[in-house]
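Asks: File name query21.cif; file contents mmCIF, C-alpha atoms; full text below.
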data_data
#
loop_
_atom_site.label_atom_id
_atom_site.label_comp_id
_atom_site.auth_asym_id
_atom_site.auth_seq_id
_atom_site.Cartn_x
_atom_site.Cartn_y
_atom_site.Cartn_z
CA MET A 7 47.23 88.93 149.96
CA ALA A 8 44.91 86.43 148.39
CA SER A 9 46.53 86.83 145.03
CA SER A 10 45.98 84.29 142.32
CA SER A 11 49.57 84.83 141.24
CA ASP A 12 50.60 83.26 144.54
CA GLU A 13 48.86 80.06 143.50
CA ILE A 14 50.58 79.69 140.15
CA GLU A 15 53.06 76.88 140.07
CA PRO A 16 56.14 77.15 137.92
CA VAL A 17 55.86 75.15 134.71
CA LEU A 18 58.97 73.13 135.38
CA GLY A 19 57.87 72.24 138.89
CA GLY A 20 59.76 72.59 142.13
CA SER A 21 61.62 75.67 143.23
CA ILE A 22 63.19 76.60 139.93
CA GLY A 23 65.18 79.74 139.44
CA VAL A 24 63.41 81.66 136.73
CA ASP A 25 66.74 82.82 135.35
CA ARG A 26 67.73 79.25 134.53
CA ILE A 27 64.75 78.18 132.51
CA ASP A 28 65.09 78.22 128.76
CA GLU A 29 63.21 80.53 126.45
CA ASP A 30 60.44 78.08 125.62
CA ALA A 31 59.77 77.40 129.25
CA GLU A 32 59.82 81.12 129.97
CA ARG A 33 57.30 81.66 127.20
CA ARG A 34 55.04 78.94 128.57
CA LEU A 35 55.34 80.42 132.02
CA PHE A 36 54.41 83.86 130.75
CA ASP A 37 51.55 82.39 128.72
CA ARG A 38 50.19 80.70 131.77
CA TRP A 39 50.40 83.79 133.93
CA ALA A 40 48.81 85.86 131.18
CA VAL A 41 45.88 83.45 130.89
CA GLU A 42 45.37 83.17 134.63
CA LEU A 43 45.69 86.85 135.36
CA ARG A 44 43.85 88.20 132.32
CA PRO A 45 40.44 88.35 134.05
CA ASP A 46 41.91 90.44 136.87
CA LEU A 47 43.78 92.66 134.44
CA PHE A 48 40.70 93.16 132.29
CA ARG A 49 38.50 94.05 135.24
CA TYR A 50 41.12 96.42 136.60
CA ALA A 51 41.47 98.08 133.19
CA PHE A 52 37.71 98.20 132.77
CA TRP A 53 37.15 99.94 136.07
CA LEU A 54 39.94 102.40 135.29
CA ALA A 55 38.68 103.24 131.82
CA ARG A 56 34.99 102.32 132.22
CA ASP A 57 35.11 101.26 128.60
CA ARG A 58 35.05 97.60 127.65
CA ALA A 59 36.69 97.93 124.23
CA LEU A 60 39.37 100.21 125.58
CA ALA A 61 40.02 97.85 128.48
CA GLU A 62 40.61 95.00 126.05
CA ASP A 63 43.09 97.10 124.09
CA ILE A 64 44.86 98.19 127.27
CA VAL A 65 45.25 94.62 128.49
CA GLN A 66 46.53 93.42 125.15
CA GLU A 67 49.10 96.22 124.96
CA ALA A 68 50.08 95.68 128.57
CA LEU A 69 50.73 91.98 127.94
CA LEU A 70 52.80 92.82 124.87
CA ARG A 71 54.93 95.19 126.89
CA ALA A 72 55.14 92.72 129.74
CA TRP A 73 56.38 89.96 127.46
CA ARG A 74 59.10 92.24 126.04
CA ALA A 75 60.32 92.97 129.57
CA PHE A 76 59.70 89.50 130.95
CA GLY A 77 63.27 88.34 130.54
CA GLY A 78 64.31 90.72 133.27
CA LEU A 79 61.74 89.53 135.76
CA ARG A 80 63.11 87.47 138.61
CA ASP A 81 60.49 87.62 141.33
CA LYS A 82 57.59 85.49 140.25
CA GLN A 83 55.65 86.26 143.43
CA SER A 84 55.26 89.83 142.33
CA VAL A 85 54.14 89.02 138.76
CA LYS A 86 50.56 90.02 139.39
CA GLN A 87 51.47 93.35 140.91
CA TRP A 88 53.99 93.90 138.11
CA LEU A 89 51.31 93.24 135.49
CA MET A 90 48.87 95.48 137.31
CA THR A 91 51.43 98.28 137.28
CA ILE A 92 52.04 97.79 133.56
CA THR A 93 48.30 97.81 132.93
CA ARG A 94 47.93 101.00 134.94
CA ARG A 95 50.80 102.59 133.00
CA GLU A 96 49.26 101.47 129.72
CA TYR A 97 46.01 103.10 130.76
CA ALA A 98 47.95 106.28 131.53
CA ARG A 99 49.56 106.14 128.09
CA THR A 100 46.16 105.65 126.46
CA TYR A 101 44.77 108.48 128.55
CA GLN A 102 47.55 110.86 127.58
CA ARG A 103 47.26 109.82 123.92
CA LYS A 104 43.52 110.06 123.60
CA ARG A 105 42.61 112.57 126.30
CA LEU A 106 39.77 110.30 127.35
CA GLU A 107 36.47 112.01 127.74
CA THR A 108 36.29 111.15 131.43
CA THR A 109 33.96 113.99 132.16
CA ASP A 110 31.32 112.77 129.73
CA LEU A 111 29.91 110.27 132.16
CA ASP A 112 26.56 110.05 130.43
CA ALA A 113 28.18 108.89 127.20
CA LEU A 114 30.31 106.34 129.04
CA SER A 115 27.32 105.05 130.99
CA ALA A 116 25.23 104.76 127.86
CA ARG A 117 27.97 102.85 126.07
CA GLU A 118 28.40 100.38 128.90
CA GLU A 119 24.75 100.12 129.87
CA GLY A 120 24.58 96.52 128.76
CA LEU A 121 27.49 95.50 130.92
CA ILE A 122 26.20 97.39 133.96
CA ALA A 123 22.81 95.74 133.59
CA ALA A 124 24.23 92.27 132.99
CA HIS A 125 23.25 90.82 136.33
CA ASP A 126 20.06 89.23 137.65
CA ASP A 127 20.23 90.93 141.03
CA LEU A 128 18.89 94.49 141.13
CA ASP A 129 21.09 95.36 144.13
CA VAL A 130 24.21 94.34 142.20
CA ARG A 131 23.12 96.33 139.17
CA GLU A 132 22.53 99.42 141.29
CA MET A 133 25.87 98.96 143.03
CA ARG A 134 27.63 98.51 139.68
CA SER A 135 26.08 101.71 138.42
CA ALA A 136 27.07 103.57 141.61
CA ILE A 137 30.68 102.37 141.32
CA PHE A 138 30.67 103.39 137.66
CA ASP A 139 29.75 106.93 138.71
CA LEU A 140 32.36 107.07 141.49
CA GLU A 141 35.33 109.38 140.93
CA ALA A 142 38.48 107.62 139.75
CA GLU A 143 40.41 108.46 142.92
CA TYR A 144 37.87 106.47 144.96
CA ARG A 145 37.04 103.79 142.41
CA GLU A 146 40.57 102.55 141.85
CA PRO A 147 41.57 101.75 145.46
CA LEU A 148 38.22 100.07 145.96
CA VAL A 149 38.84 97.78 143.00
CA LEU A 150 42.35 97.00 144.20
CA GLN A 151 41.18 96.21 147.72
CA VAL A 152 37.84 94.45 147.24
CA LEU A 153 38.42 92.72 143.93
CA MET A 154 42.17 92.16 143.88
CA GLY A 155 42.65 91.60 147.58
CA TYR A 156 45.57 94.00 147.93
CA LYS A 157 46.60 95.32 151.30
CA THR A 158 46.70 99.03 151.96
CA GLU A 159 50.49 99.30 151.56
CA GLU A 160 50.34 97.43 148.23
CA ILE A 161 47.60 99.73 146.95
CA ALA A 162 49.70 102.70 148.02
CA GLY A 163 52.62 101.26 146.05
CA ILE A 164 50.57 100.73 142.90
CA MET A 165 48.92 104.14 143.05
CA GLY A 166 51.98 106.02 144.22
CA ILE A 167 50.27 107.63 147.20
CA SER A 168 50.62 107.24 150.96
CA ALA A 169 48.91 104.48 152.92
CA GLY A 170 47.03 107.15 154.84
CA ALA A 171 45.67 108.61 151.62
CA VAL A 172 44.58 105.13 150.51
CA LEU A 173 42.64 104.59 153.76
CA THR A 174 40.98 107.98 153.48
CA ARG A 175 39.89 107.28 149.91
CA LEU A 176 38.58 103.83 150.78
CA PHE A 177 36.59 105.21 153.70
CA ARG A 178 35.12 107.96 151.52
CA ALA A 179 34.44 105.55 148.67
CA ARG A 180 32.24 103.36 150.89
CA ARG A 181 30.55 106.40 152.40
CA LYS A 182 29.71 107.72 148.94
CA LEU A 183 28.35 104.37 147.79
CA LYS A 184 26.26 103.96 150.93
CA SER A 185 24.90 107.43 150.54
CA GLN A 186 24.07 106.91 146.88
CA LEU A 187 22.42 103.55 147.46
CA GLY A 188 20.53 104.65 150.55
CA TRP A 189 22.22 102.22 152.91
CA GLY A 190 22.50 104.99 155.47
CA VAL A 191 25.70 106.07 157.11
CA GLU A 192 25.73 104.69 160.62
CA GLU A 193 27.61 106.62 163.25
CA MET B 6 28.29 101.02 173.62
CA GLY B 7 26.58 97.80 174.66
CA GLY B 8 23.37 99.73 175.19
CA GLY B 9 23.39 101.00 171.63
CA GLY B 10 25.11 104.34 172.17
CA VAL B 11 27.97 105.36 169.91
CA SER B 12 31.09 106.48 171.72
CA THR B 13 34.23 108.07 170.34
CA GLU B 14 35.75 104.60 170.48
CA CYS B 15 32.90 103.28 168.34
CA LEU B 16 33.38 106.08 165.80
CA GLU B 17 37.07 105.28 165.58
CA PHE B 18 36.31 101.56 165.18
CA ARG B 19 33.86 102.26 162.34
CA ARG B 20 36.15 104.69 160.61
CA ARG B 21 38.94 102.12 160.57
CA VAL B 22 36.90 99.11 159.47
CA GLU B 23 35.08 101.12 156.85
CA ALA B 24 38.46 101.81 155.25
CA GLU B 25 39.76 98.28 155.85
CA PRO B 26 36.95 95.78 156.49
CA GLY B 27 39.54 93.01 156.81
CA ASN B 28 41.51 94.83 159.50
CA GLU B 29 41.95 92.33 162.33
CA ALA B 30 43.97 94.47 164.68
CA PRO B 31 43.65 93.22 168.30
CA ASP B 32 42.19 96.49 169.57
CA LEU B 33 39.46 96.34 166.94
CA ALA B 34 38.65 92.71 167.76
CA GLU B 35 38.55 93.56 171.45
CA HIS B 36 36.15 96.45 170.89
CA GLU B 37 33.96 94.36 168.61
CA ALA B 38 33.72 91.64 171.24
CA ARG B 39 32.21 93.98 173.80
CA CYS B 40 30.16 96.30 171.55
CA ALA B 41 27.14 94.66 169.96
CA SER B 42 26.39 97.74 167.89
CA CYS B 43 29.84 97.79 166.29
CA ALA B 44 29.77 94.03 165.77
CA ARG B 45 26.50 94.51 163.87
CA PHE B 46 28.06 97.40 161.95
CA ARG B 47 30.89 95.14 160.81
CA ARG B 48 28.53 92.35 159.75
CA THR B 49 26.50 94.79 157.69
CA LEU B 50 29.69 96.17 156.21
CA GLY B 51 30.66 92.64 155.20
CA GLN B 52 27.38 92.29 153.31
CA PHE B 53 27.94 95.67 151.70
CA ASP B 54 31.43 94.68 150.59
CA GLY B 55 30.10 91.41 149.21
CA LEU B 56 27.78 93.47 147.05
CA ILE B 57 30.67 95.68 145.92
CA ARG B 58 32.70 92.62 144.99
CA GLU B 59 29.82 91.08 143.06
CA ALA B 60 29.31 94.35 141.22
CA LEU B 61 32.99 94.63 140.30
CA LEU B 62 33.03 91.12 138.83
CA VAL B 63 32.00 92.17 135.34
CA ASP B 64 32.01 89.54 132.65
CA VAL B 65 35.38 89.11 130.98
CA PRO B 66 35.23 88.83 127.19
CA ALA B 67 37.03 86.07 125.39
CA PRO B 68 40.53 87.11 124.36
CA GLN B 69 40.65 89.15 121.17
CA ALA B 70 42.21 87.59 118.14
CA PRO B 71 45.57 89.24 118.74
CA ARG B 72 46.55 92.03 116.39
CA ARG B 73 50.04 91.13 117.45
CA SER B 74 50.74 87.98 119.38
CA PRO B 75 52.14 88.84 122.79
CA VAL B 76 53.92 85.55 123.18
CA ALA B 77 55.02 84.49 119.77
CA PRO B 78 55.91 87.32 117.44
CA GLU B 79 57.91 84.95 115.28
CA ARG B 80 54.73 83.13 114.35
CA ARG B 81 53.69 85.96 112.08
CA THR B 82 53.93 84.91 108.53
CA TRP B 83 56.74 86.20 106.36
CA TRP B 84 54.10 87.47 103.97
CA GLY B 85 52.58 89.57 106.72
CA ILE B 86 55.93 90.97 107.75
CA ALA B 87 56.89 91.70 104.15
CA ALA B 88 53.58 93.43 103.51
CA ALA B 89 53.96 95.50 106.66
CA LEU B 90 57.48 96.50 105.67
CA VAL B 91 56.45 97.49 102.17
CA LEU B 92 53.56 99.51 103.56
CA ALA B 93 55.73 101.19 106.20
CA VAL B 94 58.46 102.05 103.71
CA GLY B 95 55.90 103.29 101.21
CA ILE B 96 54.20 105.52 103.74
CA GLY B 97 57.54 106.75 105.00
CA LEU B 98 58.74 107.68 101.53
CA ALA B 99 55.46 109.20 100.57
CA PHE B 100 54.94 111.47 103.52
CA ARG B 101 58.19 112.31 105.23
CA LEU B 102 61.89 112.35 105.22
CA PRO B 103 63.56 110.02 107.69
CA VAL B 104 64.20 111.44 111.14
CA PRO B 105 67.55 110.32 112.55
CA GLU B 106 67.96 108.24 115.66
CA PRO B 107 70.02 110.05 118.25
CA ARG B 108 73.74 109.42 118.09
CA ALA B 109 75.23 107.40 120.92
CA GLY B 110 76.62 109.79 123.50
CA SER B 111 74.63 112.76 122.21
CA PHE B 112 72.38 114.74 124.54
CA ALA B 113 69.36 113.43 122.60
CA GLY B 114 70.61 109.89 123.22
CA HIS B 115 70.89 110.59 126.92
CA VAL B 116 67.38 112.08 126.95
CA VAL B 117 66.00 108.92 125.35
CA THR B 118 67.83 106.68 127.81
CA HIS B 119 66.60 108.78 130.71
CA LEU B 120 62.97 108.66 129.57
CA GLU B 121 63.14 104.91 129.10
CA HIS B 122 64.27 104.61 132.70
CA GLU B 123 61.73 106.99 134.14
CA PRO B 124 58.42 105.86 132.59
CA GLU B 125 56.58 106.61 135.82
CA ALA B 126 56.81 110.31 134.96
CA LEU B 127 53.92 109.76 132.56
CA ASP B 128 51.78 108.36 135.35
CA ALA B 129 51.44 111.96 136.45
CA VAL B 130 48.80 112.52 133.77
CA LEU B 131 46.52 110.55 136.07
CA ARG B 132 47.84 112.15 139.23
CA PRO B 133 49.13 115.64 138.54
CA MET B 134 51.72 116.98 140.92
CA ASP B 135 50.83 119.96 143.12
CA ARG B 136 51.58 123.21 141.35
CA ALA B 137 53.57 124.35 144.42
CA ARG B 138 55.98 121.42 143.98
CA VAL B 139 56.24 122.17 140.29
CA GLU B 140 57.10 125.79 141.05
CA ASP B 141 59.77 124.66 143.53
CA VAL B 142 61.50 122.63 140.83
CA LEU B 143 61.24 125.45 138.30
CA ALA B 144 62.62 127.95 140.81
CA ALA B 145 65.55 125.66 141.59
CA HIS B 146 66.54 125.87 137.93
CA GLY B 147 65.86 129.56 137.46
CA VAL B 148 63.09 128.72 135.03
CA ARG B 149 59.71 130.35 134.57
CA MET B 150 56.76 128.72 132.83
CA ALA B 151 53.48 130.49 132.15
CA ALA B 152 51.04 129.65 134.93
CA THR B 153 48.54 128.38 132.38
CA THR B 154 50.94 125.66 131.18
CA PRO B 155 49.42 122.35 132.36
CA ILE B 156 52.52 120.88 134.01
CA VAL B 157 51.68 117.57 135.70
CA TYR B 158 55.21 116.47 136.63
CA ALA B 159 58.42 118.26 137.51
CA ARG B 160 61.63 116.83 138.83
CA THR B 161 65.30 117.67 138.86
CA CYS B 162 67.19 115.00 136.95
CA ILE B 163 70.74 114.40 135.83
CA VAL B 164 70.97 113.84 132.09
CA ASP B 165 74.36 113.48 130.44
CA GLY B 166 75.90 114.75 133.68
CA LYS B 167 73.84 117.94 133.51
CA ARG B 168 71.12 119.10 135.93
CA VAL B 169 67.89 119.47 134.00
CA ALA B 170 64.30 120.27 134.89
CA HIS B 171 62.31 117.25 133.67
CA LEU B 172 58.69 118.27 133.08
CA VAL B 173 55.61 116.57 131.70
CA VAL B 174 53.04 118.90 130.16
CA HIS B 175 49.59 117.42 129.60
CA GLY B 176 47.74 119.70 127.26
CA ALA B 177 45.13 119.33 124.57
CA SER B 178 47.61 117.47 122.36
CA GLY B 179 48.40 114.84 124.96
CA ALA B 180 51.45 114.41 127.18
CA VAL B 181 54.73 116.01 126.17
CA THR B 182 58.04 115.73 127.99
CA VAL B 183 59.97 118.96 128.30
CA MET B 184 63.57 118.99 129.49
CA LEU B 185 65.03 122.35 130.33
CA LEU B 186 68.75 122.82 130.54
CA PRO B 187 69.43 126.26 131.98
CA GLY B 188 72.57 128.24 131.32
CA GLU B 189 73.90 126.04 128.54
CA GLN B 190 73.37 126.23 124.84
CA LEU B 191 73.83 122.86 123.28
CA SER B 192 75.62 122.71 119.97
CA GLU B 193 73.38 119.89 118.79
CA SER B 194 69.91 120.82 117.69
CA GLY B 195 67.31 119.22 115.48
CA THR B 196 64.87 116.36 115.58
CA PHE B 197 65.31 112.74 116.56
CA GLU B 198 63.29 109.55 116.88
CA ALA B 199 63.86 106.48 119.00
CA GLY B 200 61.19 103.84 119.36
CA SER B 201 57.97 105.54 120.35
CA LEU B 202 59.76 108.78 121.25
CA SER B 203 60.17 111.65 118.86
CA GLY B 204 61.60 114.98 119.83
CA ARG B 205 63.48 118.11 119.09
CA ILE B 206 66.39 119.79 120.85
CA ARG B 207 67.03 123.46 120.40
CA PRO B 208 68.88 126.26 122.12
CA ILE B 209 66.80 129.20 123.31
CA THR B 210 67.64 132.36 125.18
CA GLY B 211 69.26 131.39 128.46
CA GLY B 212 69.60 127.67 127.89
CA SER B 213 68.42 124.70 125.86
CA VAL B 214 65.22 122.73 125.66
CA ALA B 215 64.26 119.24 124.57
CA ILE B 216 60.61 118.65 123.68
CA VAL B 217 59.66 115.00 123.31
CA GLY B 218 56.42 113.36 122.25
CA HIS B 219 55.41 109.87 123.31
CA ASP B 220 53.84 107.61 120.69
CA GLN B 221 53.35 110.58 118.38
CA PRO B 222 55.38 113.62 117.36
CA VAL B 223 54.61 116.85 119.17
CA GLU B 224 52.30 119.00 117.11
CA PRO B 225 54.00 122.21 115.91
CA ALA B 226 51.35 124.35 117.62
CA ALA B 227 51.90 122.56 120.93
CA GLU B 228 55.67 122.95 120.60
CA ARG B 229 55.25 126.65 119.87
CA ARG B 230 53.03 127.12 122.93
CA ILE B 231 55.62 125.42 125.13
CA LEU B 232 58.48 127.49 123.75
CA GLU B 233 56.49 130.66 124.24
CA ALA B 234 55.76 129.69 127.83
CA VAL B 235 59.39 129.02 128.84
CA GLY B 236 61.65 131.70 130.22
CA PHE B 237 65.06 131.35 131.82
CA ASP B 238 65.99 133.83 134.56
CA ARG B 239 68.68 136.43 134.02
CA ARG B 240 71.23 134.47 136.02
CA ASN B 241 71.07 131.76 133.37
CA ARG B 242 71.41 134.20 130.55
CA ALA B 243 74.65 135.70 131.83
CA GLY B 244 76.87 133.02 130.50
CA VAL B 245 75.18 132.25 127.21
CA ALA B 246 74.51 134.08 124.08
CA GLY B 247 70.82 134.45 123.32
#
In structure tokens, how does this file's structure come out?
Replies:
Amino acid sequence: MASSSDEIEPVLGGSIGVDRIDEDAERRLFDRWAVELRPDLFRYAFWLARDRALAEDIVQEALLRAWRAFGGLRDKQSVKQWLMTITRREYARTYQRKRLETTDLDALSAREEGLIAAHDDLDVREMRSAIFDLEAEYREPLVLQVLMGYKTEEIAGIMGISAGAVLTRLFRARRKLKSQLGWGVEE
Amino acid sequence: MGGGGVSTECLEFRRRVEAEPGNEAPDLAEHEARCASCARFRRTLGQFDGLIREALLVDVPAPQAPRRSPVAPERRTWWGIAAALVLAVGIGLAFRLPVPEPRAGSFAGHVVTHLEHEPEALDAVLRPMDRARVEDVLAAHGVRMAATTPIVYARTCIVDGKRVAHLVVHGASGAVTVMLLPGEQLSESGTFEAGSLSGRIRPITGGSVAIVGHDQPVEPAAERRILEAVGFDRRNRAGVAG
């Protein structure tokens, strides 16, 4: 997986055991991961919620929760996936609290029109709009695969579904986008 | 294939790479090497995925001024903490009587511990469980719930050494955890709060029930709907007084 968390070096250098570093160092380590991974977390939250303000809140809450639980974390290689899972759970909590108006797509689109249109390339804008309209079950694995670089088994782990179901959704997601954008579905 | 026709093998190749454009399985590479049409398909798919990636890369806003600092809570000023405490105490005194935390070793305490260790149950609001699986769990406990109850999660769990049906109901008032303990009427009943959880335990005909809200107390109307929807089978009622 081409994960940015794989590229993060420990603050104390070398192959430290995370359980041996002191609290300040642990805080700096968490800070650094939070800064480096925030763009990924925000984009993941945004494409889950399709709401920029809500995505910011979700990421902030997720990082708060992550910091509280950080002392128990021992596997730094899985930090990114751990944070993604916390972000996803935070989105679920927000969803169950607020009963997000996921069916009111027009209102969501109108609210985020500026963000969707914030690109010079018309093809990208049209693609962004098409992804925005995609059902959540197709949108999420696509984000995890294309943007986050996760493998099928990792996506299955994050979403709690089988690898086969992930592949089916990814296939259908691309088919739907192609159909919507008039790329044609080659057979 | 080489002449532009699409064989079953080509269809299989395209189905697999369209789900996993980065799939470099040897059989796919071998097919691609001898099928110009599928090689072209994969190149086009690469361009398409590049467009998807570009579209997903929305601008990331600068970090918010944190309402609460995730990394340094102790940096809050004492004045801020004192003001928050005064406000919290004032609101608490003005609007409600204190709700007790569950006693250590009580069933409520075990419920709280269980929920803290099974947070994934709430993920079901995004991915509701099949109703058939829900019914299987209910049947295993001799429990009936009205078919209209929006149960998104059901699992048999052990809480305080007792087998309970752990449910998550996702209705108009948000997600509510419902724990059903058939055939046993708990002596403890009443409300409790622990962290973001707030709930009530009460005996009902044929067993006991715990209803727990997450982040907010369960609205009385929602609690009433849940209680009206629950029914324990006769076999559970035999040993308990209604």
Asks: The PyMOL selection byres ((chain B) within 9 of (chain A)) on the file shown: which residues, as a PyMOL selection string?
Replies: chain B and resi 11+15-16+19-25+46+53-66+68-69+71-77+124-125+127-132+175-181+219-221
Asks: Just how far from atom CA of Arg56 of chain A is atom CA of Val85 of chain A, in Å to one decimal?
Replies: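 These two atoms are separated by 24.2 Å.
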Asks: Measure the distance from atom CA of Ile161 of chain A to atom CA of Pro26 of chain B in Å and round it to one decimal.
Replies: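 These atoms are spaced 14.8 Å apart.
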Asks: Would you please work out which residue, of A:Glu141, A:Ala171, A:Asp126, A:Ala51, is nearest to Glu159 of chain A when using all atoms listed in the file?
Replies: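 Distance minimum relative to Glu159 of chain A lands on A:Ala171.
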Asks: For the atom pair atom CA of Glu121 of chain B and atom CA of Glu228 of chain B, what is the interatomic distance in Å to one decimal place?
Replies: 21.3 Å
Asks: Selection in question (the file shown): the PyMOL selection byres ((chain B and resi 139-156) around 12). Which residues does it include, as a PyMOL selection string?
Replies: chain B and resi 126-127+129-130+132-138+157-162+167-189+210-214+227-228+230-242
Asks: Using the selection just defined, write its residues with C-alpha atoms as an mmCIF file, in the frame of the given file.
Replies:
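Final file, again-v1.cif:
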data_model
loop_
_atom_site.group_PDB
_atom_site.id
_atom_site.type_symbol
_atom_site.label_atom_id
_atom_site.label_comp_id
_atom_site.auth_asym_id
_atom_site.auth_seq_id
_atom_site.Cartn_x
_atom_site.Cartn_y
_atom_site.Cartn_z
ATOM 1 C CA ALA B 126 56.810 110.310 134.960
ATOM 2 C CA LEU B 127 53.920 109.760 132.560
ATOM 3 C CA ALA B 129 51.440 111.960 136.450
ATOM 4 C CA VAL B 130 48.800 112.520 133.770
ATOM 5 C CA ARG B 132 47.840 112.150 139.230
ATOM 6 C CA PRO B 133 49.130 115.640 138.540
ATOM 7 C CA MET B 134 51.720 116.980 140.920
ATOM 8 C CA ASP B 135 50.830 119.960 143.120
ATOM 9 C CA ARG B 136 51.580 123.210 141.350
ATOM 10 C CA ALA B 137 53.570 124.350 144.420
ATOM 11 C CA ARG B 138 55.980 121.420 143.980
ATOM 12 C CA VAL B 157 51.680 117.570 135.700
ATOM 13 C CA TYR B 158 55.210 116.470 136.630
ATOM 14 C CA ALA B 159 58.420 118.260 137.510
ATOM 15 C CA ARG B 160 61.630 116.830 138.830
ATOM 16 C CA THR B 161 65.300 117.670 138.860
ATOM 17 C CA CYS B 162 67.190 115.000 136.950
ATOM 18 C CA LYS B 167 73.840 117.940 133.510
ATOM 19 C CA ARG B 168 71.120 119.100 135.930
ATOM 20 C CA VAL B 169 67.890 119.470 134.000
ATOM 21 C CA ALA B 170 64.300 120.270 134.890
ATOM 22 C CA HIS B 171 62.310 117.250 133.670
ATOM 23 C CA LEU B 172 58.690 118.270 133.080
ATOM 24 C CA VAL B 173 55.610 116.570 131.700
ATOM 25 C CA VAL B 174 53.040 118.900 130.160
ATOM 26 C CA HIS B 175 49.590 117.420 129.600
ATOM 27 C CA GLY B 176 47.740 119.700 127.260
ATOM 28 C CA ALA B 177 45.130 119.330 124.570
ATOM 29 C CA SER B 178 47.610 117.470 122.360
ATOM 30 C CA GLY B 179 48.400 114.840 124.960
ATOM 31 C CA ALA B 180 51.450 114.410 127.180
ATOM 32 C CA VAL B 181 54.730 116.010 126.170
ATOM 33 C CA THR B 182 58.040 115.730 127.990
ATOM 34 C CA VAL B 183 59.970 118.960 128.300
ATOM 35 C CA MET B 184 63.570 118.990 129.490
ATOM 36 C CA LEU B 185 65.030 122.350 130.330
ATOM 37 C CA LEU B 186 68.750 122.820 130.540
ATOM 38 C CA PRO B 187 69.430 126.260 131.980
ATOM 39 C CA GLY B 188 72.570 128.240 131.320
ATOM 40 C CA GLU B 189 73.900 126.040 128.540
ATOM 41 C CA THR B 210 67.640 132.360 125.180
ATOM 42 C CA GLY B 211 69.260 131.390 128.460
ATOM 43 C CA GLY B 212 69.600 127.670 127.890
ATOM 44 C CA SER B 213 68.420 124.700 125.860
ATOM 45 C CA VAL B 214 65.220 122.730 125.660
ATOM 46 C CA ALA B 227 51.900 122.560 120.930
ATOM 47 C CA GLU B 228 55.670 122.950 120.600
ATOM 48 C CA ARG B 230 53.030 127.120 122.930
ATOM 49 C CA ILE B 231 55.620 125.420 125.130
ATOM 50 C CA LEU B 232 58.480 127.490 123.750
ATOM 51 C CA GLU B 233 56.490 130.660 124.240
ATOM 52 C CA ALA B 234 55.760 129.690 127.830
ATOM 53 C CA VAL B 235 59.390 129.020 128.840
ATOM 54 C CA GLY B 236 61.650 131.700 130.220
ATOM 55 C CA PHE B 237 65.060 131.350 131.820
ATOM 56 C CA ASP B 238 65.990 133.830 134.560
ATOM 57 C CA ARG B 239 68.680 136.430 134.020
ATOM 58 C CA ARG B 240 71.230 134.470 136.020
ATOM 59 C CA ASN B 241 71.070 131.760 133.370
ATOM 60 C CA ARG B 242 71.410 134.200 130.550
#
Asks: Smallest atom-to-atom distance to Gln190 of chain B: which of B:Asp32, B:Arg207, B:Gln52, B:His115, using only C-alpha atoms?
Replies: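 Smallest distance to Gln190 of chain B is found for B:Arg207.
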